[in-house]
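Asks: Dropping the structure in here first, questions after.
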Amino acid sequence: MANIDISEREFKQYPKKKKKIKGSSIITFIFLAMIALAVLVPLYVIIVTSFKTLDQITLGRIFDLPTTWTFEGWNKAWSEVCSGMTCNGVKAGFFTSIKILIPSIAISVGLASITGYALALWKIKWAGSFLFVLFICAFVPFQVIMIPLVLITAKLGIYGTFWAVAIVHGVLSMPFLTLIFRNFYKDIPPELINAALMDSGSFWRIFGEIVLPMSGNIIIVVLILVITGVWNDFLIGLTFGGFGAQPMTVILANTVITGTGAVRYNVDMAAALLTALPPLIVYFALGKFFVQGISAGAIKG
Amino acid sequence: MPEIRFKDIVKQYGYVTVLEDLNLKVSDGEFLVLLGPSGCGKTTLLNMLAGLVEVTAGEITIGGKDVTDLDPKDRGLAMVFQSYALYPTKTVEGNLKFGLAAQKLPKAEVMERVNWAADLLQIQPLMKRKPAELSGGQRQRVAIGRALVKNVEVFLFDEPLSNLDAKLRTEMRLEIKKLHNELQKTIVYVTHDQVEAMTMATSIAIMNQGVIQQFGSPDDVYENPANLFVAKFIGAPPMNIIAATIAIKGKKILATHAASGVSMDISKYDFTHKPADGAKVYVGMRPEHFAIGSDITGKEAASFDLPVLYAEKPGSDGNAYLNSGDEQIAVRIESAMVKDLQGADARLKIAFPHDKFSVFDAQTESRI
């Protein structure tokens, strides 16, 4: 039989098929546009205000572009604004937040992935009951257990340090993350695990060599959830950080709320944007994987 | 030397009993095929031998050693899975190496075994690829390689060829058979494909609904099916089974097929116990044993002259399906005849020899 090279086939141009726009999709479009505007308009105001001089802000025309673009607000927000008695800007909070973030990622992702792996792929007695308890835990509001937790961290001698904040974050997010990991691992073909059981049989080796390398997508999903969750958190940081380990959000709240002298809107806006920036960067950098990870369970490899 | 024994095996899932009091012995070096339709318990049996499914009651021994409660890795087995179950993030080489994860071997030994298996299966050029970059047949080879490196005495195969296309399946079938001849290891092989069973096995256990219907060599199972299920399951097209009534006339034993009125002389059939006059039986006839047209000598045990329902030519031979009144009768014919038999009112004269019958009791459905 003669093999025909596909590239040598005559290329024929077919007319494009026109897509009809339906009435229902117009309504959907309008609805989505309204939601987008509800987010974008305030964001626009925040951004332009952060670049304005105080003089222009006092005019009150919030939608105007800055007459002179200035980074004065951003500089002051980063290194000069006062939170309580200290005036080091939100910079101090930024580093505290990082210090909180890293151990809480390690604790929550580490615990949750191993627990999820054990629950999904190993025959464990009471696994069903344990899963149910985790499920309940995932829905207990933080405020309910806040005071006992404060007492526990105080007993452990870590209250008021970033460790307290990190551990509380890690522990509180663990049930929900475990459920995510468990559902992801449930979709790994059972024959693959059976093969690994016959080849190695070691709990840790199968996890490290077979299961963990397959979890890239879900780890990114969980990382985004943890990073945004921990970074945007206010209550846990406020409660457990004391004065020594206030995360960026707490510093931001202090600087905006404490009113000595005139309100400097440009500084406030810049401080808010600075605080919101890290999770945004994470989203933009990892967003593609996030979508892949969410739908990963649906595709059989 | 490892001899595998299943003793009084029971398997229950909740309140459903899948296997009950199953006994089976696999001798050393044997190629045993567990054959049966979906859901007959053959894969469950294999998984229990592998240690992947727990036994509810009973005992499994390998080489005299009770392995019923051992972990899969400690049983000295290697298994090839239906979906190949290759580790997607590892290269071919990594997959083969992980096959040795449980055996703590020096690095040189690991490499030696991996290279040996790769040479044997001709996958040396694929060693740095990931499973996703391999074709179905190549994946199959790697899966077999991962089992081979373990250098164990017993290999388990769980429908390893069912995901391959027909051509590759034939090739791999020969290759697995060749491996068995070369290595002389014990193989337990699960399949629902009777061609695989007939061509590869040294012995076949045919299962249905958790019960072993017959255990014997491929020839034995084909020529002397123990019961109606085996007779209908083995062979393509399967054995023709027609209901008949026994009439004893002097020394002759006749079986009369009511719908066509044909009497079959089954006197020369080797009965284990002779049926009574008027007993209901099923008479089995293989499609390829019929004499056709001019080949008929007139001395056959039974002859039919029946209208042709349809004729087909799946390959080198043809099949004709005749209307006997109540049941279809399939007959193996020469492919040149197929055209002549495709007319609307075609008829075919066929006759069946004395020594090829299978007779089953209508009540128990067992061979008599």
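Within each chain, counting starts at residue 1; across the structure tokens, chains are named A, B, ... in the order shown, with ligands numbered 1 upward in that order.
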Which residues come within 9 Å of Phe6 in chain B, counting only C-alpha atoms, excluding same-chain residues fewer than 4 positions away, as a PyMOL selection string?

Replies: chain B and resi 22-26+49+58-61

Asks: Report as a list in words all protein, DNA and RNA residues lying within 10 Å of Asn75 in chain A, evaluated on only C-alpha atoms, omitting residues in the same chain fewer than 4 positions from it.

Replies: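 Counting only the stated atoms, we get Thr70, Phe71, Ser79, Glu80, Val81, Gly89, Val267, Ala270 and Ala271 of chain A.
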
Asks: Can you pull out the residues contacting range 125-141 of chain B? Cut-off 10 Å, using only C-alpha atoms, and skip same-chain residues under 2 positions away; I want them as a PyMOL selection string.

Replies: (chain A and resi 301) or (chain B and resi 80-96+114-115+117-123+143-147+160-161+163-165+168-169+171-172+175-176)

Asks: Counting only C-alpha atoms, which residues of chain B come no farther than 6 Å from chain A, as a list in words?

Replies: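 The complete set of qualifying residues is Pro72, Lys73, Ala85, Gly99, Ala101 and Ala102 of chain B.
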
Asks: Skipping near chain neighbours, those fewer than 2 positions away, what residues fall within 9 Å of Pro225 in chain B using only C-alpha atoms, listed as a list in words?

Replies: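 After dropping sequence-adjacent residues, the list is Gln214, Asp220, Val221, Tyr222, Glu223, Asn227, Leu228, Phe229, Val230, Ala231, Lys232, Ile234, Ser358, Ser366 and Arg367 of chain B.
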
Asks: Can I get the selected residues back with C-alpha atoms, as a PDB file, in the first residue's frame?

Replies:
ATOM      1  CA  GLN B 214     -13.800 -28.799  34.675  1.00  0.00           C
ATOM      2  CA  ASP B 220      -9.492 -33.084  27.307  1.00  0.00           C
ATOM      3  CA  VAL B 221     -11.655 -30.032  27.906  1.00  0.00           C
ATOM      4  CA  TYR B 222     -12.357 -29.684  24.206  1.00  0.00           C
ATOM      5  CA  GLU B 223     -13.021 -33.314  23.364  1.00  0.00           C
ATOM      6  CA  ASN B 227     -20.947 -30.676  31.415  1.00  0.00           C
ATOM      7  CA  LEU B 228     -23.197 -28.564  29.282  1.00  0.00           C
ATOM      8  CA  PHE B 229     -21.594 -25.279  30.393  1.00  0.00           C
ATOM      9  CA  VAL B 230     -18.119 -26.336  29.302  1.00  0.00           C
ATOM     10  CA  ALA B 231     -19.465 -27.736  26.039  1.00  0.00           C
ATOM     11  CA  LYS B 232     -21.129 -24.438  25.195  1.00  0.00           C
ATOM     12  CA  ILE B 234     -15.365 -23.873  24.508  1.00  0.00           C
ATOM     13  CA  SER B 358     -20.952 -35.806  23.697  1.00  0.00           C
ATOM     14  CA  SER B 366     -23.423 -33.450  33.336  1.00  0.00           C
ATOM     15  CA  ARG B 367     -21.738 -35.771  30.895  1.00  0.00           C
TER      16      ARG B 367
END

Asks: Mind checking which residues fall within 12 Å of Ile236 in chain A, counting only C-alpha atoms, ignoring those fewer than 5 positions away in the same chain, and posting them as a ChimeraX atom specification?

Replies: /A:97,100,142-143,145-147,149-150,159-160,162-172,229-231,241-242,245-247,249-250

Asks: Can you tell me, as a list in words, what residues are no more than 9 Å from Glu327 in chain B when counting only C-alpha atoms, ignoring any on the same chain fewer than 3 positions away?

Replies: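 The neighbour list is Asn240, Ile241, Ile242, Ala243, Ala259, Leu322, Asn323 and Ser324 of chain B.
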
Asks: So which residues of range 220-354 of chain B fall under helix (DSSP H, G or I) by DSSP, listed as number ranges by chain?

Replies: B: 220-223, 228-233, 287-289, 293-295, 335-337, 339-342, 354

Asks: Measure the distance from CA of Ala120 in chain A to CA of Thr68 in chain B in Å and round it to one decimal.

Replies: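 Here the two named atoms are 24.3 Å from each other.
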
Asks: What does the structure give for the distance between CA of Leu121 in chain A and CA of Asn151 in chain B, in Å to one decimal?

Replies: 27.3 Å

Asks: CA of Lys299 in chain B and CA of Pro237 in chain B are how many Å apart?

Replies: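 A separation of 25.7 Å between them.
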
Asks: As a ChimeraX atom specification, please: every residue in range 80-290 of chain B that a backbone DSSP assignment puts in strand (DSSP E).

Replies: /B:80,154-158,186-191,203-208,211-216,240-249,252-256,263-265,280-285
